[in-house]
file structure_30.cif (mmCIF, C-alpha atoms)
data_my_file
loop_
_atom_site.label_atom_id
_atom_site.label_comp_id
_atom_site.auth_asym_id
_atom_site.auth_seq_id
_atom_site.Cartn_x
_atom_site.Cartn_y
_atom_site.Cartn_z
CA MET A 273 -57.14 -67.14 -35.97
CA ILE A 274 -57.43 -67.27 -32.19
CA GLU A 275 -53.99 -68.89 -31.83
CA LYS A 276 -52.35 -65.77 -33.25
CA ARG A 277 -54.05 -63.32 -30.89
CA LYS A 278 -52.93 -62.21 -27.45
CA MET A 279 -54.61 -64.07 -24.60
CA LEU A 280 -56.24 -61.73 -22.09
CA TYR A 281 -57.60 -64.29 -19.64
CA ASP A 282 -57.45 -68.05 -19.20
CA GLY A 283 -60.23 -69.54 -17.07
CA LYS A 284 -61.41 -73.03 -16.21
CA ALA A 285 -63.93 -73.28 -19.06
CA LYS A 286 -63.17 -70.31 -21.34
CA SER A 287 -60.31 -68.14 -22.56
CA LEU A 288 -60.45 -64.53 -23.76
CA TYR A 289 -58.39 -63.17 -26.65
CA GLU A 290 -57.87 -59.80 -28.23
CA ALA A 291 -60.05 -58.95 -31.22
CA ASP A 292 -59.39 -56.55 -34.10
CA ASN A 293 -61.54 -53.93 -32.39
CA ASP A 294 -60.26 -52.78 -28.99
CA ASP A 295 -63.85 -52.71 -27.68
CA GLU A 296 -64.37 -56.40 -28.45
CA VAL A 297 -62.96 -59.74 -27.33
CA ILE A 298 -62.99 -63.28 -28.66
CA VAL A 299 -64.36 -65.82 -26.19
CA TYR A 300 -63.06 -69.35 -26.72
CA TYR A 301 -64.96 -72.26 -25.14
CA LYS A 302 -62.73 -75.06 -23.86
CA ASP A 303 -63.49 -78.75 -23.67
CA GLU A 304 -62.78 -78.78 -19.94
CA ALA A 305 -65.40 -79.78 -17.38
CA THR A 306 -64.87 -78.70 -13.79
CA ALA A 307 -66.87 -78.97 -10.58
CA PHE A 308 -66.48 -78.07 -6.91
CA ASN A 309 -64.37 -75.01 -7.76
CA GLY A 310 -62.01 -77.03 -9.93
CA VAL A 311 -61.52 -79.95 -7.54
CA LYS A 312 -63.11 -82.35 -10.03
CA LYS A 313 -62.06 -81.90 -13.65
CA ALA A 314 -61.97 -83.69 -16.96
CA SER A 315 -61.50 -82.96 -20.65
CA ILE A 316 -64.63 -83.77 -22.68
CA LYS A 317 -64.24 -83.73 -26.45
CA ASN A 318 -66.50 -81.14 -28.11
CA LYS A 319 -67.93 -79.82 -24.82
CA GLY A 320 -66.72 -76.36 -25.83
CA LEU A 321 -68.51 -76.65 -29.17
CA LEU A 322 -71.78 -77.59 -27.46
CA ASN A 323 -71.61 -74.81 -24.85
CA ASN A 324 -70.71 -72.26 -27.51
CA LYS A 325 -73.71 -73.19 -29.64
CA ILE A 326 -76.14 -73.36 -26.70
CA SER A 327 -74.97 -70.05 -25.28
CA SER A 328 -75.14 -68.38 -28.70
CA ILE A 329 -78.74 -69.52 -29.20
CA VAL A 330 -79.74 -68.29 -25.75
CA PHE A 331 -78.00 -64.93 -26.11
CA ASP A 332 -79.52 -64.35 -29.56
CA TYR A 333 -82.96 -65.12 -28.11
CA LEU A 334 -82.46 -62.77 -25.15
CA ILE A 335 -81.23 -59.97 -27.42
CA GLU A 336 -84.33 -60.37 -29.59
CA GLN A 337 -86.41 -59.97 -26.42
CA GLY A 338 -84.66 -56.70 -25.53
CA VAL A 339 -82.05 -57.89 -23.02
CA LYS A 340 -78.72 -56.05 -23.29
CA THR A 341 -75.81 -58.50 -23.49
CA HIS A 342 -72.12 -58.55 -24.41
CA PHE A 343 -72.74 -61.11 -27.17
CA ILE A 344 -72.21 -60.02 -30.79
CA LYS A 345 -72.04 -63.23 -32.82
CA ARG A 346 -70.71 -66.78 -32.94
CA LEU A 347 -67.52 -66.90 -34.97
CA ASP A 348 -66.92 -70.63 -35.33
CA GLU A 349 -67.50 -73.91 -33.51
CA LYS A 350 -65.82 -72.85 -30.27
CA SER A 351 -65.56 -69.07 -30.30
CA GLN A 352 -67.72 -65.96 -30.06
CA LEU A 353 -67.18 -62.26 -30.65
CA CYS A 354 -68.32 -60.23 -27.63
CA LYS A 355 -68.17 -56.67 -26.37
CA LYS A 356 -65.35 -56.02 -23.94
CA VAL A 357 -66.68 -55.40 -20.43
CA THR A 358 -65.37 -55.08 -16.91
CA ILE A 359 -66.96 -57.96 -15.03
CA ILE A 360 -68.79 -57.11 -11.82
CA PRO A 361 -67.33 -59.68 -9.38
CA LEU A 362 -70.72 -61.04 -8.34
CA GLU A 363 -72.61 -64.16 -9.37
CA PHE A 364 -76.36 -63.64 -9.50
CA ILE A 365 -78.30 -66.83 -8.75
CA CYS A 366 -81.99 -67.27 -9.50
CA ARG A 367 -83.88 -70.28 -8.11
CA ASN A 368 -87.28 -71.51 -9.28
CA GLN A 369 -87.08 -74.86 -7.50
CA VAL A 370 -85.03 -76.11 -4.56
CA ALA A 371 -81.82 -77.83 -5.70
CA GLY A 372 -78.10 -78.00 -5.15
CA ALA A 373 -76.59 -75.71 -2.54
CA MET A 374 -79.99 -74.38 -1.45
CA ALA A 375 -81.25 -77.87 -0.66
CA LYS A 376 -78.09 -78.68 1.28
CA ARG A 377 -77.98 -75.36 3.11
CA LEU A 378 -81.61 -75.51 4.27
CA GLY A 379 -82.05 -79.27 4.58
CA MET A 380 -84.80 -79.27 1.99
CA ALA A 381 -85.64 -81.86 -0.65
CA GLU A 382 -84.65 -81.08 -4.23
CA GLY A 383 -87.49 -80.35 -6.64
CA ILE A 384 -89.74 -78.32 -4.33
CA LYS A 385 -91.30 -75.55 -6.43
CA LEU A 386 -90.91 -72.08 -4.94
CA ASP A 387 -93.80 -69.63 -4.74
CA LYS A 388 -91.67 -67.06 -6.53
CA PRO A 389 -88.08 -66.90 -7.82
CA ILE A 390 -85.49 -66.53 -5.07
CA LEU A 391 -82.43 -64.39 -5.80
CA GLU A 392 -78.98 -64.78 -4.26
CA ILE A 393 -75.58 -63.26 -4.85
CA SER A 394 -72.12 -64.63 -4.24
CA TYR A 395 -68.75 -62.90 -4.31
CA LYS A 396 -66.86 -64.10 -7.39
CA ASN A 397 -63.55 -65.09 -5.82
CA ASP A 398 -62.02 -68.54 -6.39
CA GLU A 399 -59.66 -68.28 -3.42
CA LEU A 400 -62.64 -67.76 -1.11
CA ASN A 401 -64.79 -70.38 -2.91
CA ASP A 402 -67.28 -67.74 -4.14
CA PRO A 403 -68.91 -67.04 -0.75
CA PHE A 404 -72.63 -66.36 -0.41
CA ILE A 405 -73.08 -62.67 0.54
CA ASN A 406 -75.87 -60.13 1.04
CA ASP A 407 -76.57 -56.76 -0.57
CA ASP A 408 -74.73 -54.76 2.10
CA TYR A 409 -71.59 -56.86 1.65
CA ALA A 410 -71.68 -56.09 -2.09
CA THR A 411 -72.46 -52.37 -1.88
CA THR A 412 -70.88 -51.29 1.42
CA ALA A 413 -68.17 -53.76 2.45
CA LEU A 414 -66.80 -54.80 -0.94
CA LYS A 415 -68.07 -51.73 -2.83
CA VAL A 416 -68.19 -53.66 -6.11
CA VAL A 417 -71.59 -52.21 -7.11
CA THR A 418 -73.77 -49.28 -6.18
CA ASN A 419 -77.28 -49.76 -4.82
CA GLU A 420 -78.68 -48.62 -8.16
CA GLN A 421 -76.51 -51.02 -10.15
CA LEU A 422 -77.45 -53.91 -7.89
CA ALA A 423 -81.16 -53.14 -8.20
CA TYR A 424 -80.81 -53.03 -11.99
CA CYS A 425 -79.01 -56.39 -12.06
CA TYR A 426 -81.71 -57.98 -9.91
CA GLN A 427 -84.40 -56.64 -12.24
CA GLN A 428 -82.53 -58.03 -15.24
CA VAL A 429 -82.14 -61.45 -13.62
CA LEU A 430 -85.89 -61.68 -13.01
CA GLU A 431 -86.62 -60.67 -16.61
CA ILE A 432 -84.09 -63.19 -17.94
CA ASN A 433 -85.65 -65.87 -15.75
CA LYS A 434 -89.12 -65.15 -17.12
CA LEU A 435 -87.90 -65.28 -20.71
CA LEU A 436 -85.82 -68.43 -20.32
CA GLU A 437 -88.45 -70.30 -18.33
CA ALA A 438 -90.79 -69.79 -21.29
CA LEU A 439 -88.09 -70.76 -23.80
CA PHE A 440 -87.10 -74.01 -22.11
CA LEU A 441 -90.73 -74.90 -21.41
CA LYS A 442 -91.22 -75.12 -25.18
CA THR A 443 -88.54 -77.83 -25.26
CA GLY A 444 -90.08 -79.84 -22.42
CA ILE A 445 -87.46 -78.66 -19.92
CA SER A 446 -87.85 -76.93 -16.54
CA LEU A 447 -85.39 -74.18 -15.70
CA ILE A 448 -84.63 -75.07 -12.07
CA ASP A 449 -82.02 -72.42 -11.33
CA PHE A 450 -79.16 -70.53 -12.94
CA LYS A 451 -76.36 -68.11 -12.26
CA VAL A 452 -75.28 -65.22 -14.45
CA GLU A 453 -72.73 -62.44 -14.43
CA PHE A 454 -72.85 -58.85 -15.60
CA GLY A 455 -70.21 -56.53 -16.96
CA ILE A 456 -69.89 -52.79 -17.57
CA ASP A 457 -68.83 -51.53 -21.00
CA LYS A 458 -66.81 -48.37 -21.61
CA GLN A 459 -70.02 -46.33 -21.95
CA GLY A 460 -71.04 -47.42 -18.45
CA ALA A 461 -73.86 -49.71 -19.58
CA ILE A 462 -74.47 -52.90 -17.61
CA LEU A 463 -74.62 -55.93 -19.92
CA LEU A 464 -75.35 -59.60 -19.34
CA ALA A 465 -71.97 -61.28 -19.81
CA ASP A 466 -70.13 -64.59 -19.48
CA GLU A 467 -72.30 -67.45 -20.88
CA PHE A 468 -75.59 -69.29 -20.51
CA SER A 469 -75.20 -73.03 -20.88
CA PRO A 470 -75.83 -76.23 -18.90
CA ASP A 471 -72.61 -75.38 -17.08
CA ASN A 472 -74.26 -72.53 -15.17
CA CYS A 473 -77.88 -73.62 -14.81
CA ARG A 474 -79.98 -76.61 -13.83
CA LEU A 475 -82.29 -78.07 -16.46
CA TRP A 476 -84.62 -80.98 -15.73
CA GLU A 477 -86.62 -82.81 -18.37
CA ILE A 478 -90.26 -82.31 -17.36
CA ALA A 479 -91.50 -85.78 -18.34
CA THR A 480 -88.75 -87.73 -16.58
CA ASN A 481 -86.96 -85.35 -14.16
CA ARG A 482 -83.77 -86.35 -15.96
CA ARG A 483 -80.92 -83.93 -15.22
CA LEU A 484 -79.74 -82.12 -18.35
CA ASP A 485 -76.96 -80.00 -16.87
CA LYS A 486 -73.55 -80.15 -15.20
CA ASP A 487 -74.98 -82.16 -12.30
CA VAL A 488 -74.55 -85.22 -14.53
CA PHE A 489 -70.80 -84.58 -14.25
CA ARG A 490 -70.80 -83.49 -10.61
CA ARG A 491 -72.78 -86.54 -9.50
CA ASP A 492 -71.66 -89.07 -12.14
CA LEU A 493 -75.23 -89.47 -13.40
CA ASP A 494 -74.75 -89.60 -17.17
CA ASP A 495 -72.46 -88.74 -20.06
CA ILE A 496 -72.04 -84.97 -20.11
CA LYS A 497 -71.49 -84.73 -23.88
CA ASP A 498 -74.63 -86.71 -24.71
CA THR A 499 -76.59 -84.64 -22.18
CA TYR A 500 -75.48 -81.28 -23.56
CA GLN A 501 -76.08 -82.51 -27.12
CA LEU A 502 -79.68 -83.28 -26.17
CA VAL A 503 -80.17 -79.75 -24.82
CA LEU A 504 -78.70 -78.28 -28.00
CA SER A 505 -80.90 -80.47 -30.20
CA LYS A 506 -84.04 -79.42 -28.32
CA LEU A 507 -83.15 -75.73 -28.71
CA GLU A 508 -82.29 -76.10 -32.39
CA GLN A 509 -85.67 -77.75 -33.04
CA LEU A 510 -87.35 -74.48 -32.00
CA ASN A 511 -85.87 -72.75 -35.10
CA LEU A 512 -85.48 -69.47 -33.24
#
call {"tool": "encode", "arguments": {"input": "structure_30.cif", "output": "structure tokens"}}
result
Amino acid sequence: MIEKRKMLYDGKAKSLYEADNDDEVIVYYKDEATAFNGVKKASIKNKGLLNNKISSIVFDYLIEQGVKTHFIKRLDEKSQLCKKVTIIPLEFICRNQVAGAMAKRLGMAEGIKLDKPILEISYKNDELNDPFINDDYATTALKVVTNEQLAYCYQQVLEINKLLEALFLKTGISLIDFKVEFGIDKQGAILLADEFSPDNCRLWEIATNRRLDKDVFRRDLDDIKDTYQLVLSKLEQLNL
């Protein structure tokens, strides 16, 4: 049981525990909801269960499509078995439509469709509020990735975007934007890591423009548990 294992990391939405195999970890999804770098927070019953199931479905789908990830399998309602990786301290953001920080930064209306996906990176550092950076900051100033590693991550983000746009389209949902993280395993392979859930993407129902992501919590638009349950139900109906 997770309670009897050594905790390796305790984050805002997930905790990591030792697994039987030294090359693996157990990822436990909490019921906590946070926004604005932890300024707004709440405990939502069964949110961890919903994110675990959604993320597991998405990772299984991506693996079937040839994407290399840290995900191995879902263990129970709130935990997954994953490969142990060293996280690259960068968040990779992919935008298909204008929303959120991009809209605010550029003074643009949300919902404008972009001619092509726009990629951004931010430095994963809570104390600095995950600042927006450029490639040279990442490779030369911070030295957290090489040019080759960064190019590979960008290529993977675009491929993931293409695959997930098609997946969510089948459910009547537009993938507006998302952020992902990558890690490096002990063999030196770069793997998609962390999670993919409504916590780290924007999903809008095509027919209504209803928000189906963490913006319902950030902006007090709707009940977050009911919203995430709807996303899960739509994915489960695909019978992937």
call {"tool": "residues_near_point", "arguments": {"input": "structure_30.cif", "point": "(-88.7, -76.3, -3.2)", "cutoff": "8 Å", "atoms": "all atoms listed in the file", "output": "tab-separated table (two decimals) with C-alpha atoms, keeping the file's coordinate frame"}}
result
chain	number	residue	atom	x	y	z
A	368	ASN	CA	-87.28	-71.51	-9.28
A	369	GLN	CA	-87.08	-74.86	-7.50
A	370	VAL	CA	-85.03	-76.11	-4.56
A	371	ALA	CA	-81.82	-77.83	-5.70
A	380	MET	CA	-84.80	-79.27	1.99
A	381	ALA	CA	-85.64	-81.86	-0.65
A	382	GLU	CA	-84.65	-81.08	-4.23
A	383	GLY	CA	-87.49	-80.35	-6.64
A	384	ILE	CA	-89.74	-78.32	-4.33
A	385	LYS	CA	-91.30	-75.55	-6.43
A	386	LEU	CA	-90.91	-72.08	-4.94
call {"tool": "resolve_selection", "arguments": {"input": "structure_30.cif", "expression": "the PyMOL selection byres ((chain A and resi 425) around 10)", "output": "VMD selection string"}}
result
chain A and resid 364 417 419 to 424 426 to 431 452 to 454 462 to 464
call {"tool": "write_last_selection", "arguments": {"input": "structure_30.cif", "atoms": "C-alpha atoms", "output": "mmCIF file, in the frame of the given file"}}
result
data_model
loop_
_atom_site.group_PDB
_atom_site.id
_atom_site.type_symbol
_atom_site.label_atom_id
_atom_site.label_comp_id
_atom_site.auth_asym_id
_atom_site.auth_seq_id
_atom_site.Cartn_x
_atom_site.Cartn_y
_atom_site.Cartn_z
ATOM 1 C CA PHE A 364 -76.360 -63.640 -9.500
ATOM 2 C CA VAL A 417 -71.590 -52.210 -7.110
ATOM 3 C CA ASN A 419 -77.280 -49.760 -4.820
ATOM 4 C CA GLU A 420 -78.680 -48.620 -8.160
ATOM 5 C CA GLN A 421 -76.510 -51.020 -10.150
ATOM 6 C CA LEU A 422 -77.450 -53.910 -7.890
ATOM 7 C CA ALA A 423 -81.160 -53.140 -8.200
ATOM 8 C CA TYR A 424 -80.810 -53.030 -11.990
ATOM 9 C CA TYR A 426 -81.710 -57.980 -9.910
ATOM 10 C CA GLN A 427 -84.400 -56.640 -12.240
ATOM 11 C CA GLN A 428 -82.530 -58.030 -15.240
ATOM 12 C CA VAL A 429 -82.140 -61.450 -13.620
ATOM 13 C CA LEU A 430 -85.890 -61.680 -13.010
ATOM 14 C CA GLU A 431 -86.620 -60.670 -16.610
ATOM 15 C CA VAL A 452 -75.280 -65.220 -14.450
ATOM 16 C CA GLU A 453 -72.730 -62.440 -14.430
ATOM 17 C CA PHE A 454 -72.850 -58.850 -15.600
ATOM 18 C CA ILE A 462 -74.470 -52.900 -17.610
ATOM 19 C CA LEU A 463 -74.620 -55.930 -19.920
ATOM 20 C CA LEU A 464 -75.350 -59.600 -19.340
#
call {"tool": "resolve_selection", "arguments": {"input": "structure_30.cif", "expression": "the PyMOL selection byres ((chain A and resi 354) around 8)", "output": "list in words"}}
result
Glu296, Val297, Ile298, Val299, His342, Phe343, Ile344, Lys345, Gln352, Leu353, Lys355 and Lys356 of chain A
call {"tool": "atom_distance", "arguments": {"input": "structure_30.cif", "atom1": "CA of Ser505 in chain A", "atom2": "CA of Pro389 in chain A"}}
result
27.1 Å
call {"tool": "closest_residue", "arguments": {"input": "structure_30.cif", "among": "A:Lys497, A:Lys284, A:Lys278, A:Lys506", "to": "Lys319 in chain A", "atoms": "all atoms listed in the file"}}
result
A:Lys497
call {"tool": "resolve_selection", "arguments": {"input": "structure_30.cif", "expression": "the PyMOL selection byres ((chain A and resi 326-328) around 10)", "output": "short mmCIF file (atom, residue, chain, number, x, y, z; two decimals) with C-alpha atoms, keeping the file's coordinate frame"}}
result
data_model
loop_
_atom_site.label_atom_id
_atom_site.label_comp_id
_atom_site.auth_asym_id
_atom_site.auth_seq_id
_atom_site.Cartn_x
_atom_site.Cartn_y
_atom_site.Cartn_z
CA GLY A 320 -66.72 -76.36 -25.83
CA LEU A 321 -68.51 -76.65 -29.17
CA LEU A 322 -71.78 -77.59 -27.46
CA ASN A 323 -71.61 -74.81 -24.85
CA ASN A 324 -70.71 -72.26 -27.51
CA LYS A 325 -73.71 -73.19 -29.64
CA ILE A 329 -78.74 -69.52 -29.20
CA VAL A 330 -79.74 -68.29 -25.75
CA PHE A 331 -78.00 -64.93 -26.11
CA ASP A 332 -79.52 -64.35 -29.56
CA TYR A 333 -82.96 -65.12 -28.11
CA LEU A 334 -82.46 -62.77 -25.15
CA PHE A 343 -72.74 -61.11 -27.17
CA ILE A 344 -72.21 -60.02 -30.79
CA LYS A 345 -72.04 -63.23 -32.82
CA ARG A 346 -70.71 -66.78 -32.94
CA LEU A 347 -67.52 -66.90 -34.97
CA SER A 351 -65.56 -69.07 -30.30
CA GLN A 352 -67.72 -65.96 -30.06
CA ASP A 466 -70.13 -64.59 -19.48
CA GLU A 467 -72.30 -67.45 -20.88
CA PHE A 468 -75.59 -69.29 -20.51
CA SER A 469 -75.20 -73.03 -20.88
CA PRO A 470 -75.83 -76.23 -18.90
CA TYR A 500 -75.48 -81.28 -23.56
CA GLN A 501 -76.08 -82.51 -27.12
CA VAL A 503 -80.17 -79.75 -24.82
CA LEU A 504 -78.70 -78.28 -28.00
CA SER A 505 -80.90 -80.47 -30.20
CA LEU A 507 -83.15 -75.73 -28.71
CA GLU A 508 -82.29 -76.10 -32.39
#
call {"tool": "closest_residue", "arguments": {"input": "structure_30.cif", "among": "A:Tyr300, A:Phe450, A:Phe440, A:Phe404", "to": "Arg367 in chain A", "atoms": "all atoms listed in the file"}}
result
A:Phe450
call {"tool": "decode", "arguments": {"input": "structure_30.cif", "residues": "range 280-291 of chain A", "atoms": "all heavy atoms", "output": "PDB file, in the first residue's frame"}}
result
ATOM      1  N   LEU A 280       8.763  10.259  -1.832  1.00  0.00           N
ATOM      2  CA  LEU A 280       9.903  10.875  -2.500  1.00  0.00           C
ATOM      3  C   LEU A 280       9.673  12.346  -2.796  1.00  0.00           C
ATOM      4  O   LEU A 280      10.625  13.128  -2.864  1.00  0.00           O
ATOM      5  CB  LEU A 280      10.192  10.139  -3.815  1.00  0.00           C
ATOM      6  CG  LEU A 280      10.476   8.640  -3.697  1.00  0.00           C
ATOM      7  CD1 LEU A 280      10.586   8.021  -5.091  1.00  0.00           C
ATOM      8  CD2 LEU A 280      11.768   8.409  -2.911  1.00  0.00           C
ATOM      9  N   TYR A 281       8.410  12.710  -2.982  1.00  0.00           N
ATOM     10  CA  TYR A 281       8.076  14.094  -3.347  1.00  0.00           C
ATOM     11  C   TYR A 281       6.619  14.343  -2.999  1.00  0.00           C
ATOM     12  O   TYR A 281       5.770  13.475  -3.197  1.00  0.00           O
ATOM     13  CB  TYR A 281       8.313  14.298  -4.848  1.00  0.00           C
ATOM     14  CG  TYR A 281       7.754  15.592  -5.399  1.00  0.00           C
ATOM     15  CD1 TYR A 281       8.425  16.796  -5.232  1.00  0.00           C
ATOM     16  CD2 TYR A 281       6.546  15.608  -6.094  1.00  0.00           C
ATOM     17  CE1 TYR A 281       7.917  17.986  -5.742  1.00  0.00           C
ATOM     18  CE2 TYR A 281       6.028  16.786  -6.609  1.00  0.00           C
ATOM     19  CZ  TYR A 281       6.715  17.971  -6.423  1.00  0.00           C
ATOM     20  OH  TYR A 281       6.197  19.140  -6.929  1.00  0.00           O
ATOM     21  N   ASP A 282       6.343  15.535  -2.485  1.00  0.00           N
ATOM     22  CA  ASP A 282       4.970  15.898  -2.152  1.00  0.00           C
ATOM     23  C   ASP A 282       4.656  17.236  -2.803  1.00  0.00           C
ATOM     24  O   ASP A 282       5.160  18.281  -2.373  1.00  0.00           O
ATOM     25  CB  ASP A 282       4.809  15.993  -0.629  1.00  0.00           C
ATOM     26  CG  ASP A 282       3.362  16.152  -0.212  1.00  0.00           C
ATOM     27  OD1 ASP A 282       2.486  15.650  -0.941  1.00  0.00           O
ATOM     28  OD2 ASP A 282       3.107  16.766   0.837  1.00  0.00           O
ATOM     29  N   GLY A 283       3.849  17.201  -3.874  1.00  0.00           N
ATOM     30  CA  GLY A 283       3.516  18.404  -4.614  1.00  0.00           C
ATOM     31  C   GLY A 283       2.118  18.894  -4.305  1.00  0.00           C
ATOM     32  O   GLY A 283       1.429  18.368  -3.429  1.00  0.00           O
ATOM     33  N   LYS A 284       1.690  19.910  -5.055  1.00  0.00           N
ATOM     34  CA  LYS A 284       0.366  20.498  -4.818  1.00  0.00           C
ATOM     35  C   LYS A 284      -0.762  19.542  -5.188  1.00  0.00           C
ATOM     36  O   LYS A 284      -1.782  19.492  -4.519  1.00  0.00           O
ATOM     37  CB  LYS A 284       0.234  21.807  -5.618  1.00  0.00           C
ATOM     38  CG  LYS A 284       1.147  22.924  -5.131  1.00  0.00           C
ATOM     39  CD  LYS A 284       0.821  24.251  -5.795  1.00  0.00           C
ATOM     40  CE  LYS A 284       1.251  24.314  -7.243  1.00  0.00           C
ATOM     41  NZ  LYS A 284       2.717  24.416  -7.399  1.00  0.00           N
ATOM     42  N   ALA A 285      -0.581  18.779  -6.273  1.00  0.00           N
ATOM     43  CA  ALA A 285      -1.663  17.919  -6.762  1.00  0.00           C
ATOM     44  C   ALA A 285      -1.323  16.436  -6.755  1.00  0.00           C
ATOM     45  O   ALA A 285      -2.214  15.599  -6.892  1.00  0.00           O
ATOM     46  CB  ALA A 285      -2.060  18.339  -8.178  1.00  0.00           C
ATOM     47  N   LYS A 286      -0.017  16.104  -6.591  1.00  0.00           N
ATOM     48  CA  LYS A 286       0.403  14.709  -6.634  1.00  0.00           C
ATOM     49  C   LYS A 286       1.537  14.468  -5.644  1.00  0.00           C
ATOM     50  O   LYS A 286       2.283  15.396  -5.316  1.00  0.00           O
ATOM     51  CB  LYS A 286       0.873  14.328  -8.047  1.00  0.00           C
ATOM     52  CG  LYS A 286      -0.206  14.387  -9.101  1.00  0.00           C
ATOM     53  CD  LYS A 286       0.295  13.899 -10.457  1.00  0.00           C
ATOM     54  CE  LYS A 286       1.376  14.782 -11.037  1.00  0.00           C
ATOM     55  NZ  LYS A 286       0.892  16.157 -11.329  1.00  0.00           N
ATOM     56  N   SER A 287       1.667  13.226  -5.220  1.00  0.00           N
ATOM     57  CA  SER A 287       2.795  12.796  -4.408  1.00  0.00           C
ATOM     58  C   SER A 287       3.450  11.602  -5.080  1.00  0.00           C
ATOM     59  O   SER A 287       2.777  10.818  -5.765  1.00  0.00           O
ATOM     60  CB  SER A 287       2.354  12.409  -2.990  1.00  0.00           C
ATOM     61  OG  SER A 287       1.781  13.507  -2.326  1.00  0.00           O
ATOM     62  N   LEU A 288       4.757  11.458  -4.901  1.00  0.00           N
ATOM     63  CA  LEU A 288       5.505  10.332  -5.452  1.00  0.00           C
ATOM     64  C   LEU A 288       6.010   9.450  -4.327  1.00  0.00           C
ATOM     65  O   LEU A 288       6.506   9.951  -3.307  1.00  0.00           O
ATOM     66  CB  LEU A 288       6.693  10.812  -6.284  1.00  0.00           C
ATOM     67  CG  LEU A 288       6.424  11.693  -7.497  1.00  0.00           C
ATOM     68  CD1 LEU A 288       7.727  11.939  -8.258  1.00  0.00           C
ATOM     69  CD2 LEU A 288       5.395  11.071  -8.420  1.00  0.00           C
ATOM     70  N   TYR A 289       5.904   8.126  -4.527  1.00  0.00           N
ATOM     71  CA  TYR A 289       6.353   7.165  -3.539  1.00  0.00           C
ATOM     72  C   TYR A 289       7.270   6.141  -4.185  1.00  0.00           C
ATOM     73  O   TYR A 289       7.206   5.890  -5.395  1.00  0.00           O
ATOM     74  CB  TYR A 289       5.150   6.435  -2.926  1.00  0.00           C
ATOM     75  CG  TYR A 289       4.233   7.320  -2.124  1.00  0.00           C
ATOM     76  CD1 TYR A 289       3.235   8.056  -2.752  1.00  0.00           C
ATOM     77  CD2 TYR A 289       4.357   7.419  -0.743  1.00  0.00           C
ATOM     78  CE1 TYR A 289       2.383   8.869  -2.017  1.00  0.00           C
ATOM     79  CE2 TYR A 289       3.507   8.229   0.002  1.00  0.00           C
ATOM     80  CZ  TYR A 289       2.521   8.954  -0.642  1.00  0.00           C
ATOM     81  OH  TYR A 289       1.689   9.756   0.076  1.00  0.00           O
ATOM     82  N   GLU A 290       8.096   5.530  -3.355  1.00  0.00           N
ATOM     83  CA  GLU A 290       8.931   4.443  -3.832  1.00  0.00           C
ATOM     84  C   GLU A 290       8.063   3.284  -4.315  1.00  0.00           C
ATOM     85  O   GLU A 290       6.982   3.047  -3.786  1.00  0.00           O
ATOM     86  CB  GLU A 290       9.839   3.936  -2.716  1.00  0.00           C
ATOM     87  CG  GLU A 290      10.980   4.862  -2.353  1.00  0.00           C
ATOM     88  CD  GLU A 290      11.878   4.267  -1.283  1.00  0.00           C
ATOM     89  OE1 GLU A 290      11.411   3.337  -0.568  1.00  0.00           O
ATOM     90  OE2 GLU A 290      13.023   4.721  -1.155  1.00  0.00           O
ATOM     91  N   ALA A 291       8.576   2.563  -5.303  1.00  0.00           N
ATOM     92  CA  ALA A 291       7.939   1.334  -5.772  1.00  0.00           C
ATOM     93  C   ALA A 291       8.872   0.161  -5.476  1.00  0.00           C
ATOM     94  O   ALA A 291      10.004   0.352  -5.020  1.00  0.00           O
ATOM     95  CB  ALA A 291       7.637   1.428  -7.264  1.00  0.00           C
TER      96      ALA A 291
END
